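Have a look at model.cif below; it lists mmCIF, C-alpha atoms and all ligand atoms.
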```
data_protein
loop_
_atom_site.group_PDB
_atom_site.id
_atom_site.type_symbol
_atom_site.label_atom_id
_atom_site.label_comp_id
_atom_site.auth_asym_id
_atom_site.auth_seq_id
_atom_site.Cartn_x
_atom_site.Cartn_y
_atom_site.Cartn_z
ATOM 1 C CA MET A 1 80.406 -51.125 33.503
ATOM 2 C CA SER A 2 80.454 -48.300 35.936
ATOM 3 C CA ASP A 3 83.414 -48.026 38.265
ATOM 4 C CA ALA A 4 81.985 -47.786 41.752
ATOM 5 C CA GLY A 5 84.446 -46.444 44.295
ATOM 6 C CA PRO A 6 85.078 -47.647 47.836
ATOM 7 C CA ALA A 7 82.198 -47.929 50.274
ATOM 8 C CA GLY A 8 79.840 -48.450 47.348
ATOM 9 C CA ALA A 9 80.349 -44.904 46.097
ATOM 10 C CA PRO A 10 78.113 -44.118 43.157
ATOM 11 C CA ALA A 11 79.581 -44.358 39.721
ATOM 12 C CA ARG A 12 81.129 -41.255 38.198
ATOM 13 C CA GLU A 13 78.378 -41.280 35.561
ATOM 14 C CA SER A 14 76.047 -40.088 38.307
ATOM 15 C CA LEU A 15 77.487 -36.569 37.922
ATOM 16 C CA PRO A 16 74.973 -34.303 36.202
ATOM 17 C CA PRO A 17 75.804 -33.212 32.667
ATOM 18 C CA LEU A 18 77.188 -29.744 32.112
ATOM 19 C CA PRO A 19 74.916 -27.325 30.335
ATOM 20 C CA PRO A 20 76.108 -26.685 26.787
ATOM 21 C CA PRO A 21 78.438 -23.671 26.802
ATOM 22 C CA GLU A 22 76.088 -21.573 24.684
ATOM 23 C CA VAL A 23 73.326 -21.953 27.288
ATOM 24 C CA ALA A 24 73.519 -19.324 29.997
ATOM 25 C CA PRO A 25 73.768 -21.109 33.349
ATOM 26 C CA PRO A 26 70.512 -20.732 35.260
ATOM 27 C CA GLY A 27 72.244 -19.108 38.197
ATOM 28 C CA LEU A 28 72.674 -20.453 41.668
ATOM 29 C CA THR A 29 71.413 -24.012 41.301
ATOM 30 C CA PRO A 30 73.013 -26.075 44.052
ATOM 31 C CA GLN A 31 73.865 -29.517 42.807
ATOM 32 C CA ALA A 32 73.735 -32.332 45.340
ATOM 33 C CA LEU A 33 76.292 -34.916 44.308
ATOM 34 C CA ALA A 34 76.501 -38.386 45.778
ATOM 35 C CA LEU A 35 80.155 -38.907 44.965
ATOM 36 C CA ASP A 36 82.744 -40.279 47.390
ATOM 37 C CA LEU A 37 85.365 -37.518 47.381
ATOM 38 C CA ARG A 38 88.099 -40.043 48.211
ATOM 39 C CA THR A 39 87.758 -41.369 44.662
ATOM 40 C CA VAL A 40 88.343 -38.064 42.853
ATOM 41 C CA ASP A 41 91.190 -38.291 40.328
ATOM 42 C CA ASP A 42 92.612 -35.517 38.134
ATOM 43 C CA ALA A 43 90.018 -35.953 35.382
ATOM 44 C CA MET A 44 87.150 -35.897 37.876
ATOM 45 C CA ALA A 45 88.664 -32.851 39.610
ATOM 46 C CA ALA A 46 88.687 -30.988 36.292
ATOM 47 C CA ARG A 47 85.001 -31.858 35.821
ATOM 48 C CA LEU A 48 84.179 -30.676 39.310
ATOM 49 C CA ARG A 49 85.893 -27.336 38.680
ATOM 50 C CA GLU A 50 83.897 -26.948 35.482
ATOM 51 C CA LEU A 51 80.633 -27.919 37.228
ATOM 52 C CA CYS A 52 81.341 -25.472 40.001
ATOM 53 C CA TYR A 53 82.025 -22.592 37.591
ATOM 54 C CA ARG A 54 78.724 -23.307 35.834
ATOM 55 C CA TRP A 55 76.453 -24.261 38.733
ATOM 56 C CA LYS A 56 78.188 -22.071 41.370
ATOM 57 C CA LEU A 57 77.467 -24.250 44.431
ATOM 58 C CA LEU A 58 78.096 -27.982 44.760
ATOM 59 C CA VAL A 59 76.890 -29.967 47.759
ATOM 60 C CA PHE A 60 78.619 -33.315 48.228
ATOM 61 C CA LYS A 61 76.405 -35.544 50.356
ATOM 62 C CA GLY A 62 77.320 -38.235 52.850
ATOM 63 C CA GLN A 63 81.042 -37.442 53.144
ATOM 64 C CA ASP A 64 83.018 -39.077 55.927
ATOM 65 C CA LEU A 65 86.548 -37.855 55.309
ATOM 66 C CA THR A 66 89.535 -37.676 57.613
ATOM 67 C CA ASP A 67 91.374 -34.341 57.632
ATOM 68 C CA GLU A 68 94.026 -35.894 55.397
ATOM 69 C CA GLU A 69 91.421 -37.135 52.915
ATOM 70 C CA TYR A 70 89.763 -33.711 52.840
ATOM 71 C CA ILE A 71 93.096 -32.040 52.119
ATOM 72 C CA ALA A 72 93.923 -34.651 49.441
ATOM 73 C CA PHE A 73 90.604 -33.920 47.714
ATOM 74 C CA ALA A 74 91.258 -30.172 47.902
ATOM 75 C CA ARG A 75 94.723 -30.608 46.375
ATOM 76 C CA LYS A 76 93.223 -32.501 43.440
ATOM 77 C CA VAL A 77 90.769 -29.669 42.759
ATOM 78 C CA GLY A 78 93.086 -26.700 43.243
ATOM 79 C CA THR A 79 95.890 -25.158 45.258
ATOM 80 C CA PRO A 80 95.002 -24.712 48.936
ATOM 81 C CA GLU A 81 95.903 -21.289 50.346
ATOM 82 C CA PRO A 82 96.474 -21.106 54.130
ATOM 83 C CA TYR A 83 94.585 -18.156 55.645
ATOM 84 C CA PHE A 84 96.790 -15.091 56.133
ATOM 85 C CA GLN A 85 96.220 -15.083 59.900
ATOM 86 C CA ASP A 86 97.727 -18.167 61.562
ATOM 87 C CA HIS A 87 95.310 -18.187 64.474
ATOM 88 C CA TYR A 88 92.574 -19.483 62.158
ATOM 89 C CA HIS A 89 94.665 -22.548 61.260
ATOM 90 C CA HIS A 90 93.992 -26.102 62.353
ATOM 91 C CA PRO A 91 96.891 -26.978 64.698
ATOM 92 C CA ASP A 92 98.084 -29.831 62.444
ATOM 93 C CA HIS A 93 96.974 -28.552 59.031
ATOM 94 C CA PRO A 94 97.597 -24.894 58.165
ATOM 95 C CA GLU A 95 95.463 -25.191 55.002
ATOM 96 C CA ILE A 96 92.361 -25.797 57.147
ATOM 97 C CA PHE A 97 90.647 -22.619 58.374
ATOM 98 C CA VAL A 98 88.755 -23.473 61.546
ATOM 99 C CA SER A 99 85.523 -21.681 62.333
ATOM 100 C CA SER A 100 84.623 -22.933 65.780
ATOM 101 C CA ASN A 101 83.396 -22.127 69.242
ATOM 102 C CA VAL A 102 84.350 -25.592 70.560
ATOM 103 C CA PRO A 103 87.770 -26.098 72.193
ATOM 104 C CA MET A 104 89.968 -28.976 70.953
ATOM 105 C CA ASP A 105 91.783 -30.884 73.721
ATOM 106 C CA GLY A 106 90.927 -28.042 76.080
ATOM 107 C CA ARG A 107 92.451 -25.390 73.801
ATOM 108 C CA LYS A 108 90.802 -22.630 71.802
ATOM 109 C CA VAL A 109 91.248 -23.515 68.148
ATOM 110 C CA GLY A 110 90.307 -21.281 65.252
ATOM 111 C CA VAL A 111 87.913 -18.367 65.492
ATOM 112 C CA ALA A 112 84.211 -18.201 66.389
ATOM 113 C CA GLY A 113 81.565 -16.221 64.558
ATOM 114 C CA THR A 114 83.331 -15.956 61.215
ATOM 115 C CA GLY A 115 81.733 -14.794 57.987
ATOM 116 C CA ARG A 116 78.646 -13.123 59.398
ATOM 117 C CA MET A 117 78.434 -10.468 56.680
ATOM 118 C CA TRP A 118 77.987 -10.528 52.909
ATOM 119 C CA HIS A 119 81.399 -11.092 51.387
ATOM 120 C CA ALA A 120 83.559 -13.055 48.951
ATOM 121 C CA ASP A 121 86.594 -14.713 50.508
ATOM 122 C CA TYR A 122 89.844 -12.770 50.020
ATOM 123 C CA SER A 123 88.153 -10.035 47.988
ATOM 124 C CA PHE A 124 90.311 -7.647 50.037
ATOM 125 C CA PHE A 125 93.414 -9.118 48.363
ATOM 126 C CA ASP A 126 94.533 -8.521 44.773
ATOM 127 C CA ARG A 127 93.904 -12.172 44.015
ATOM 128 C CA PRO A 128 90.648 -13.362 45.573
ATOM 129 C CA LEU A 129 90.196 -17.130 45.962
ATOM 130 C CA ALA A 130 88.720 -19.267 43.189
ATOM 131 C CA PHE A 131 86.829 -21.797 45.313
ATOM 132 C CA THR A 132 85.849 -22.153 48.921
ATOM 133 C CA CYS A 133 85.191 -25.583 50.425
ATOM 134 C CA VAL A 134 83.438 -25.886 53.787
ATOM 135 C CA PHE A 135 83.103 -29.174 55.677
ATOM 136 C CA PRO A 136 80.974 -28.873 58.821
ATOM 137 C CA LYS A 137 82.392 -31.010 61.643
ATOM 138 C CA ILE A 138 80.140 -30.180 64.584
ATOM 139 C CA LEU A 139 76.632 -29.068 63.684
ATOM 140 C CA PRO A 140 74.575 -27.066 66.133
ATOM 141 C CA ARG A 141 71.403 -28.871 67.220
ATOM 142 C CA VAL A 142 69.357 -26.059 65.752
ATOM 143 C CA LYS A 143 69.366 -25.063 62.133
ATOM 144 C CA ARG A 144 72.679 -24.019 60.626
ATOM 145 C CA GLU A 145 72.903 -22.644 57.108
ATOM 146 C CA THR A 146 74.856 -20.485 54.700
ATOM 147 C CA TYR A 147 73.281 -17.818 52.494
ATOM 148 C CA TYR A 148 74.430 -17.118 48.952
ATOM 149 C CA VAL A 149 73.806 -14.546 46.255
ATOM 150 C CA ASP A 150 74.787 -15.162 42.621
ATOM 151 C CA MET A 151 76.326 -11.838 41.599
ATOM 152 C CA ALA A 152 76.344 -12.781 37.896
ATOM 153 C CA ARG A 153 72.559 -13.020 38.036
ATOM 154 C CA VAL A 154 72.453 -9.775 40.025
ATOM 155 C CA TYR A 155 74.501 -8.066 37.325
ATOM 156 C CA ARG A 156 72.252 -9.466 34.561
ATOM 157 C CA GLU A 157 69.181 -8.080 36.310
ATOM 158 C CA LEU A 158 70.684 -4.748 37.349
ATOM 159 C CA PRO A 159 68.763 -1.796 35.874
ATOM 160 C CA ASP A 160 70.467 -0.472 32.751
ATOM 161 C CA ALA A 161 70.924 2.984 34.274
ATOM 162 C CA LEU A 162 72.850 1.506 37.206
ATOM 163 C CA LYS A 163 74.930 -0.652 34.856
ATOM 164 C CA LYS A 164 75.855 2.524 32.997
ATOM 165 C CA ASP A 165 76.667 4.363 36.229
ATOM 166 C CA ILE A 166 79.194 1.732 37.346
ATOM 167 C CA ALA A 167 80.763 0.955 33.948
ATOM 168 C CA GLY A 168 84.534 1.313 34.190
ATOM 169 C CA LEU A 169 84.544 2.078 37.921
ATOM 170 C CA THR A 170 86.652 0.308 40.543
ATOM 171 C CA ALA A 171 85.981 -0.089 44.255
ATOM 172 C CA PHE A 172 88.236 -0.600 47.255
ATOM 173 C CA ASN A 173 87.769 -3.637 49.505
ATOM 174 C CA ASP A 174 88.977 -4.073 53.074
ATOM 175 C CA ALA A 175 87.992 -6.534 55.819
ATOM 176 C CA TRP A 176 89.457 -4.772 58.847
ATOM 177 C CA ASP A 177 85.981 -4.203 60.333
ATOM 178 C CA TYR A 178 85.666 -7.959 60.881
ATOM 179 C CA TYR A 179 88.897 -8.567 62.768
ATOM 180 C CA LYS A 180 88.059 -10.815 65.734
ATOM 181 C CA VAL A 181 89.873 -9.602 68.846
ATOM 182 C CA GLN A 182 92.086 -12.384 70.260
ATOM 183 C CA PRO A 183 93.331 -13.143 73.792
ATOM 184 C CA TRP A 184 96.773 -11.706 73.020
ATOM 185 C CA ASP A 185 95.266 -8.333 71.999
ATOM 186 C CA ILE A 186 94.493 -7.381 75.588
ATOM 187 C CA ASP A 187 96.132 -4.026 76.457
ATOM 188 C CA ARG A 188 97.024 -3.290 72.825
ATOM 189 C CA ALA A 189 95.745 -0.055 71.330
ATOM 190 C CA VAL A 190 93.153 -0.415 68.596
ATOM 191 C CA ARG A 191 95.428 1.799 66.458
ATOM 192 C CA GLU A 192 98.158 -0.831 66.745
ATOM 193 C CA LEU A 193 95.742 -3.628 65.786
ATOM 194 C CA ILE A 194 94.563 -1.660 62.754
ATOM 195 C CA ASP A 195 98.120 -0.908 61.639
ATOM 196 C CA GLN A 196 99.167 -4.540 61.984
ATOM 197 C CA TRP A 197 96.124 -5.696 60.019
ATOM 198 C CA HIS A 198 96.895 -3.309 57.178
ATOM 199 C CA ARG A 199 100.531 -4.370 56.999
ATOM 200 C CA GLU A 200 99.305 -7.933 56.365
ATOM 201 C CA ALA A 201 96.158 -7.111 54.375
ATOM 202 C CA PRO A 202 96.318 -3.588 52.907
ATOM 203 C CA GLY A 203 93.066 -4.004 50.956
ATOM 204 C CA ALA A 204 92.500 -4.216 47.200
ATOM 205 C CA SER A 205 90.838 -2.411 44.315
ATOM 206 C CA HIS A 206 88.726 -4.415 41.882
ATOM 207 C CA PRO A 207 86.470 -3.375 39.006
ATOM 208 C CA LEU A 208 82.808 -3.245 40.000
ATOM 209 C CA VAL A 209 82.143 -5.474 37.004
ATOM 210 C CA VAL A 210 84.426 -8.482 36.714
ATOM 211 C CA ARG A 211 84.354 -10.995 33.843
ATOM 212 C CA HIS A 212 84.654 -14.620 34.944
ATOM 213 C CA PRO A 213 87.720 -16.211 33.289
ATOM 214 C CA ALA A 214 86.010 -19.605 32.804
ATOM 215 C CA THR A 215 82.374 -18.772 32.016
ATOM 216 C CA GLY A 216 82.760 -15.300 30.512
ATOM 217 C CA GLU A 217 79.905 -14.084 32.715
ATOM 218 C CA ASP A 218 79.953 -10.524 33.992
ATOM 219 C CA ILE A 219 79.717 -10.345 37.770
ATOM 220 C CA LEU A 220 78.766 -7.403 39.975
ATOM 221 C CA TYR A 221 81.846 -7.472 42.179
ATOM 222 C CA CYS A 222 81.146 -5.934 45.563
ATOM 223 C CA SER A 223 79.762 -6.873 48.972
ATOM 224 C CA SER A 224 78.387 -4.896 51.877
ATOM 225 C CA GLY A 225 80.888 -6.684 54.170
ATOM 226 C CA PHE A 226 84.109 -5.712 52.458
ATOM 227 C CA THR A 227 83.525 -3.054 49.756
ATOM 228 C CA LYS A 228 84.333 0.275 51.374
ATOM 229 C CA ARG A 229 84.363 2.914 48.647
ATOM 230 C CA VAL A 230 84.078 3.562 44.947
ATOM 231 C CA GLU A 231 87.155 5.121 43.403
ATOM 232 C CA GLY A 232 87.261 8.061 41.004
ATOM 233 C CA VAL A 233 83.960 9.621 42.119
ATOM 234 C CA THR A 234 83.090 11.889 45.044
ATOM 235 C CA ALA A 235 82.589 10.225 48.425
ATOM 236 C CA GLU A 236 78.884 11.153 48.361
ATOM 237 C CA ARG A 237 78.407 9.708 44.888
ATOM 238 C CA GLY A 238 80.316 6.542 45.829
ATOM 239 C CA GLU A 239 78.275 6.017 48.997
ATOM 240 C CA ALA A 240 75.029 6.483 47.096
ATOM 241 C CA LEU A 241 76.116 3.979 44.430
ATOM 242 C CA LEU A 242 77.135 1.366 47.002
ATOM 243 C CA ARG A 243 73.870 1.831 48.915
ATOM 244 C CA GLU A 244 71.941 1.218 45.710
ATOM 245 C CA LEU A 245 74.041 -1.782 44.665
ATOM 246 C CA PHE A 246 73.840 -3.469 48.085
ATOM 247 C CA ALA A 247 70.088 -2.872 48.368
ATOM 248 C CA PHE A 248 69.591 -4.381 44.915
ATOM 249 C CA ALA A 249 71.859 -7.415 45.469
ATOM 250 C CA GLU A 250 70.470 -8.213 48.913
ATOM 251 C CA GLN A 251 66.842 -8.487 47.825
ATOM 252 C CA PRO A 252 65.227 -11.679 49.171
ATOM 253 C CA ARG A 253 64.610 -13.002 45.649
ATOM 254 C CA PHE A 254 68.360 -13.352 45.065
ATOM 255 C CA LYS A 255 69.121 -14.989 48.404
ATOM 256 C CA HIS A 256 69.663 -18.749 48.419
ATOM 257 C CA CYS A 257 69.579 -20.415 51.826
ATOM 258 C CA GLN A 258 71.649 -23.603 51.990
ATOM 259 C CA PRO A 259 70.985 -25.753 55.084
ATOM 260 C CA TRP A 260 73.762 -27.929 56.517
ATOM 261 C CA GLU A 261 73.208 -31.628 56.998
ATOM 262 C CA GLU A 262 75.483 -34.208 58.593
ATOM 263 C CA GLY A 263 77.990 -35.377 55.949
ATOM 264 C CA ASP A 264 77.622 -32.353 53.664
ATOM 265 C CA LEU A 265 80.694 -30.814 52.083
ATOM 266 C CA PHE A 266 80.173 -27.564 50.170
ATOM 267 C CA MET A 267 82.257 -26.157 47.338
ATOM 268 C CA TRP A 268 81.431 -22.891 45.634
ATOM 269 C CA ASP A 269 82.671 -20.475 43.017
ATOM 270 C CA ASN A 270 84.004 -17.626 45.121
ATOM 271 C CA ARG A 271 84.321 -15.277 42.134
ATOM 272 C CA THR A 272 80.598 -15.349 41.414
ATOM 273 C CA LEU A 273 78.892 -15.983 44.755
ATOM 274 C CA ILE A 274 78.929 -13.785 47.791
ATOM 275 C CA HIS A 275 78.056 -15.628 50.999
ATOM 276 C CA HIS A 276 76.968 -14.985 54.574
ATOM 277 C CA ALA A 277 77.150 -17.333 57.567
ATOM 278 C CA SER A 278 74.165 -17.775 59.855
ATOM 279 C CA SER A 279 74.767 -17.071 63.521
ATOM 280 C CA VAL A 280 75.075 -19.819 66.116
ATOM 281 C CA PRO A 281 72.582 -19.358 68.966
ATOM 282 C CA ALA A 282 74.044 -18.924 72.444
ATOM 283 C CA GLY A 283 74.894 -22.262 74.054
ATOM 284 C CA GLU A 284 75.125 -24.125 70.732
ATOM 285 C CA GLN A 285 78.348 -25.692 69.469
ATOM 286 C CA SER A 286 79.602 -25.366 65.928
ATOM 287 C CA ARG A 287 82.795 -26.250 64.125
ATOM 288 C CA SER A 288 83.512 -26.228 60.407
ATOM 289 C CA TYR A 289 86.650 -26.694 58.337
ATOM 290 C CA ARG A 290 87.192 -24.469 55.350
ATOM 291 C CA ILE A 291 89.806 -24.989 52.655
ATOM 292 C CA SER A 292 90.343 -22.143 50.222
ATOM 293 C CA LEU A 293 91.577 -22.887 46.752
ATOM 294 C CA TYR A 294 93.197 -21.137 43.868
ATOM 295 C CA ASP A 295 92.748 -22.487 40.351
ATOM 296 C CA GLU A 296 95.086 -21.918 37.425
ATOM 297 C CA LEU A 297 93.089 -19.040 35.962
ATOM 298 C CA PRO A 298 93.645 -15.327 36.542
ATOM 299 C CA PHE A 299 91.097 -13.799 38.928
ATOM 300 C CA ARG A 300 89.297 -12.076 36.079
ATOM 301 C CA ALA A 301 89.194 -12.072 32.287
ATOM 302 C CA SER A 302 88.556 -8.313 32.223
HETATM 303 O O1 LIG B 401 86.625 -13.993 60.661
HETATM 304 C C1 LIG B 401 86.156 -13.812 59.513
HETATM 305 O O2 LIG B 401 84.969 -13.550 59.334
HETATM 306 C C2 LIG B 401 87.103 -13.944 58.345
HETATM 307 C C3 LIG B 401 86.917 -12.884 57.304
HETATM 308 C C4 LIG B 401 87.331 -11.528 57.801
HETATM 309 N N1 LIG B 401 87.699 -13.158 56.106
HETATM 310 C C5 LIG B 401 87.394 -14.327 55.347
HETATM 311 C C6 LIG B 401 88.008 -14.271 53.977
HETATM 312 O O3 LIG B 401 88.636 -15.223 53.560
HETATM 313 O O4 LIG B 401 87.835 -13.287 53.291
HETATM 314 FE FE FE B 402 83.710 -16.515 53.934
#
```

Transcribe the structure of this file into structure tokens.
Amino acid sequence: MSDAGPAGAPARESLPPLPPPEVAPPGLTPQALALDLRTVDDAMAARLRELCYRWKLLVFKGQDLTDEEYIAFARKVGTPEPYFQDHYHHPDHPEIFVSSNVPMDGRKVGVAGTGRMWHADYSFFDRPLAFTCVFPKILPRVKRETYYVDMARVYRELPDALKKDIAGLTAFNDAWDYYKVQPWDIDRAVRELIDQWHREAPGASHPLVVRHPATGEDILYCSSGFTKRVEGVTAERGEALLRELFAFAEQPRFKHCQPWEEGDLFMWDNRTLIHHASSVPAGEQSRSYRISLYDELPFRAS
């Protein structure tokens, strides 16, 4: 007998099987899962983590969760990390990062226009996040989507000469360029804003090739949004390398476009995927709730 959850949720057996560990995962293959996230227990959460490491992007369909239920699900899967800048927080739930251009009870809540560059969340900190969950709450009437690139696949397909060029190198990541100016910044010098940002988020060095602690895959670890310079080479050499890496990674054949539908909740492996938000056309409303998670693994195996 299968154990159907509340609201006729499909049985847990409806989860797709994991590929055998010796089979290289096929890359970014979004899995649409009809699973009521209110029913997720510890064993199911462990399976979801494993699925997400292997398949990179999970799309949970038909979710109708309260904020509390969303947070409860997130806590089963990992350890929510409140965003380092409080003005992104949901007023009642600091673990929810609000991307929104729609006021709540007449007040500005969260930040509009987030994530419109290729990046991995928190890659400008020493410990980038393991998973990102996004739950759209208000969908624009026109198309809204997120773009992804599987950087493990990119690394696999990187020309050997370029692989050799970047072996052993590290790069510095910083997100200052994407600070969204807030109402309270009026009359403050840009210098002051920059200094404050760097006190809170000084930036981080990571190897250009990172080994995933769960799958053992090697990942090209950089993004045109946040990776600023290669260390240990001349500035000219570093700029040339980054230009080549970004041009290679951002080829259309690597880009997966994930549309948003009512009731979707997305969860992805933030070590392996870089992502990019689509822009909201003028006059359209959009609000989504992100919860960022750590797992129990180190950021990288090597
Ligand atoms: O406003 C944004 O686009 C947020 C970005 C600078 N950071 C997201 C993150 O978690 O790395
Ligand atoms: Fe992001």

If we count only C-alpha atoms and set the cut-off at 12 Å, which residues sit around A:Val190, ignoring sequence neighbours fewer than 2 positions away in its own chain? Please answer as a PyMOL selection string. chain A and resi 176-177+179-181+185-188+192-197

Go through chain A and flag each residue having an atom no more than 10 Å from ligand FE 402 (chain B); for those, report the closest pair of atoms plus their distance in Å to one decimal, using only C-alpha atoms and all ligand atoms, ordered by chain and rising number, as CSV.
```
residue,atom,partner,partner_atom,distance
A:Thr114,CA,B:FE402,FE,7.3
A:Gly115,CA,B:FE402,FE,4.8
A:Arg116,CA,B:FE402,FE,8.2
A:Met117,CA,B:FE402,FE,8.5
A:Trp118,CA,B:FE402,FE,8.3
A:His119,CA,B:FE402,FE,6.4
A:Ala120,CA,B:FE402,FE,6.1
A:Asp121,CA,B:FE402,FE,4.8
A:Tyr122,CA,B:FE402,FE,8.2
A:Ser123,CA,B:FE402,FE,9.9
A:Thr132,CA,B:FE402,FE,7.8
A:Cys133,CA,B:FE402,FE,9.8
A:Val134,CA,B:FE402,FE,9.4
A:Thr146,CA,B:FE402,FE,9.7
A:Asn270,CA,B:FE402,FE,8.9
A:Ile274,CA,B:FE402,FE,8.2
A:His275,CA,B:FE402,FE,6.4
A:His276,CA,B:FE402,FE,6.9
A:Ala277,CA,B:FE402,FE,7.5
A:Arg290,CA,B:FE402,FE,8.8
A:Ser292,CA,B:FE402,FE,9.5
```

For A:Ser286, please output as number ranges by chain all residues within 8 Å (counting all atoms listed in the file; exclusion window: fewer than 2 positions along the same chain). A: 99-102, 137-140, 280, 284, 288

Next, write the just-selected residues to a file, as a CSV table (one decimal), keeping the file's coordinate frame, keeping C-alpha atoms as the atom set.
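Contents of the output file selection_37.csv:
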```csv
chain,number,residue,atom,x,y,z
A,99,SER,CA,85.5,-21.7,62.3
A,100,SER,CA,84.6,-22.9,65.8
A,101,ASN,CA,83.4,-22.1,69.2
A,102,VAL,CA,84.4,-25.6,70.6
A,137,LYS,CA,82.4,-31.0,61.6
A,138,ILE,CA,80.1,-30.2,64.6
A,139,LEU,CA,76.6,-29.1,63.7
A,140,PRO,CA,74.6,-27.1,66.1
A,280,VAL,CA,75.1,-19.8,66.1
A,284,GLU,CA,75.1,-24.1,70.7
A,288,SER,CA,83.5,-26.2,60.4
```

To box ligand LIG 401 (chain B), take all atoms listed in the file, fit an axis-aligned box, add 6 Å on each side, and give centre and edge lengths in Å to one decimal, as AutoDock Vina command-line options.
```
--center_x 86.8 --center_y -13.4 --center_z 57.0 --size_x 15.7 --size_y 15.7 --size_z 19.4
```

Under the rule that all atoms listed in the file are counted, which of A:Pro159, A:Pro30, A:Gly62, A:Pro128 is the nearest residue to A:Leu293?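 Between A:Pro159, A:Pro30, A:Gly62, A:Pro128, the residue approaching A:Leu293 most closely is A:Pro128.
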
Determine the residue set returned by the PyMOL selection byres (((chain A and resi 212) around 12) and not hetatm) for the present structure, and present it as a list in words.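 Selected by the PyMOL selection byres (((chain A and resi 212) around 12) and not hetatm) in this file: Tyr53, Arg54, Lys56, Ala130, Met151, Ala152, Val209, Val210, Arg211, Pro213, Ala214, Thr215, Gly216, Glu217, Asp218, Ile219, Leu220, Tyr221, Asp269, Asn270, Arg271, Thr272, Leu273, Leu297, Pro298, Phe299, Arg300, Ala301 and Ser302 of chain A.
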
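Among the candidates A:Leu265, A:Val142, A:Glu231, A:Asp105, the residue lying nearest to A:Gln63 is A:Leu265 (atoms considered: only C-alpha atoms).
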
Find, counting only C-alpha atoms and all ligand atoms, the residue in A:Glu81, A:Asp295, A:Glu262, A:Asp160 that gets nearest to ligand LIG 401 (chain B).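 Ranking A:Glu81, A:Asp295, A:Glu262, A:Asp160 by distance to ligand LIG 401 (chain B), first place goes to A:Glu81.
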
Contacts of A:Lys76 at 8 Å or less, counting all atoms listed in the file, minus same-chain residues fewer than 2 places along, as a ChimeraX atom specification? /A:40-42,45,72-74,78

Write out the residues from the selection above, keeping C-alpha atoms, as a tab-separated table (two decimals), keeping the file's coordinate frame.
```tsv
chain	number	residue	atom	x	y	z
A	40	VAL	CA	88.34	-38.06	42.85
A	41	ASP	CA	91.19	-38.29	40.33
A	42	ASP	CA	92.61	-35.52	38.13
A	45	ALA	CA	88.66	-32.85	39.61
A	72	ALA	CA	93.92	-34.65	49.44
A	73	PHE	CA	90.60	-33.92	47.71
A	74	ALA	CA	91.26	-30.17	47.90
A	78	GLY	CA	93.09	-26.70	43.24
```

Pull out every residue that the PyMOL selection byres (((chain A and resi 44) around 12) and not hetatm) matches in the shown coordinates and put them as a CSV table (one decimal) with C-alpha atoms, in the frame of the given file.
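The resulting result-v2.csv:
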```
chain,number,residue,atom,x,y,z
A,11,ALA,CA,79.6,-44.4,39.7
A,12,ARG,CA,81.1,-41.3,38.2
A,13,GLU,CA,78.4,-41.3,35.6
A,14,SER,CA,76.0,-40.1,38.3
A,15,LEU,CA,77.5,-36.6,37.9
A,35,LEU,CA,80.2,-38.9,45.0
A,36,ASP,CA,82.7,-40.3,47.4
A,37,LEU,CA,85.4,-37.5,47.4
A,38,ARG,CA,88.1,-40.0,48.2
A,39,THR,CA,87.8,-41.4,44.7
A,40,VAL,CA,88.3,-38.1,42.9
A,41,ASP,CA,91.2,-38.3,40.3
A,42,ASP,CA,92.6,-35.5,38.1
A,43,ALA,CA,90.0,-36.0,35.4
A,45,ALA,CA,88.7,-32.9,39.6
A,46,ALA,CA,88.7,-31.0,36.3
A,47,ARG,CA,85.0,-31.9,35.8
A,48,LEU,CA,84.2,-30.7,39.3
A,49,ARG,CA,85.9,-27.3,38.7
A,50,GLU,CA,83.9,-26.9,35.5
A,51,LEU,CA,80.6,-27.9,37.2
A,73,PHE,CA,90.6,-33.9,47.7
A,76,LYS,CA,93.2,-32.5,43.4
A,77,VAL,CA,90.8,-29.7,42.8
```

Length of the atom CA of A:Pro202 to atom CA of A:Asp126 vector [Å]: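 For atom CA of A:Pro202 relative to atom CA of A:Asp126, the distance reads 9.7 Å.
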
When you draw a straight line from atom CA of A:Leu162 to atom CA of A:His256, how long is it in Å?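 That distance, rounded to one decimal, is 23.4 Å.
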
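Atom CA of A:Ser205 to atom C2 of ligand LIG 401 (chain B) spans 18.5 Å [interatomic distance, one decimal].
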
Restore N, CA, C and O atoms in stretch 108-112 of chain A and list the result as a CSV table (one decimal), in the frame of the given file.
```
chain,number,residue,atom,x,y,z
A,108,LYS,N,91.5,-23.4,72.8
A,108,LYS,CA,90.8,-22.6,71.8
A,108,LYS,C,91.5,-22.9,70.5
A,108,LYS,O,92.7,-22.8,70.3
A,109,VAL,N,90.7,-23.3,69.5
A,109,VAL,CA,91.2,-23.5,68.1
A,109,VAL,C,90.4,-22.8,67.2
A,109,VAL,O,89.2,-22.8,67.2
A,110,GLY,N,91.0,-22.0,66.3
A,110,GLY,CA,90.3,-21.3,65.3
A,110,GLY,C,89.6,-20.1,65.9
A,110,GLY,O,89.9,-19.6,66.9
A,111,VAL,N,88.6,-19.6,65.2
A,111,VAL,CA,87.9,-18.4,65.5
A,111,VAL,C,86.4,-18.6,65.4
A,111,VAL,O,85.9,-19.4,64.5
A,112,ALA,N,85.7,-18.0,66.4
A,112,ALA,CA,84.2,-18.2,66.4
A,112,ALA,C,83.5,-17.0,65.6
A,112,ALA,O,84.1,-15.9,65.5
```
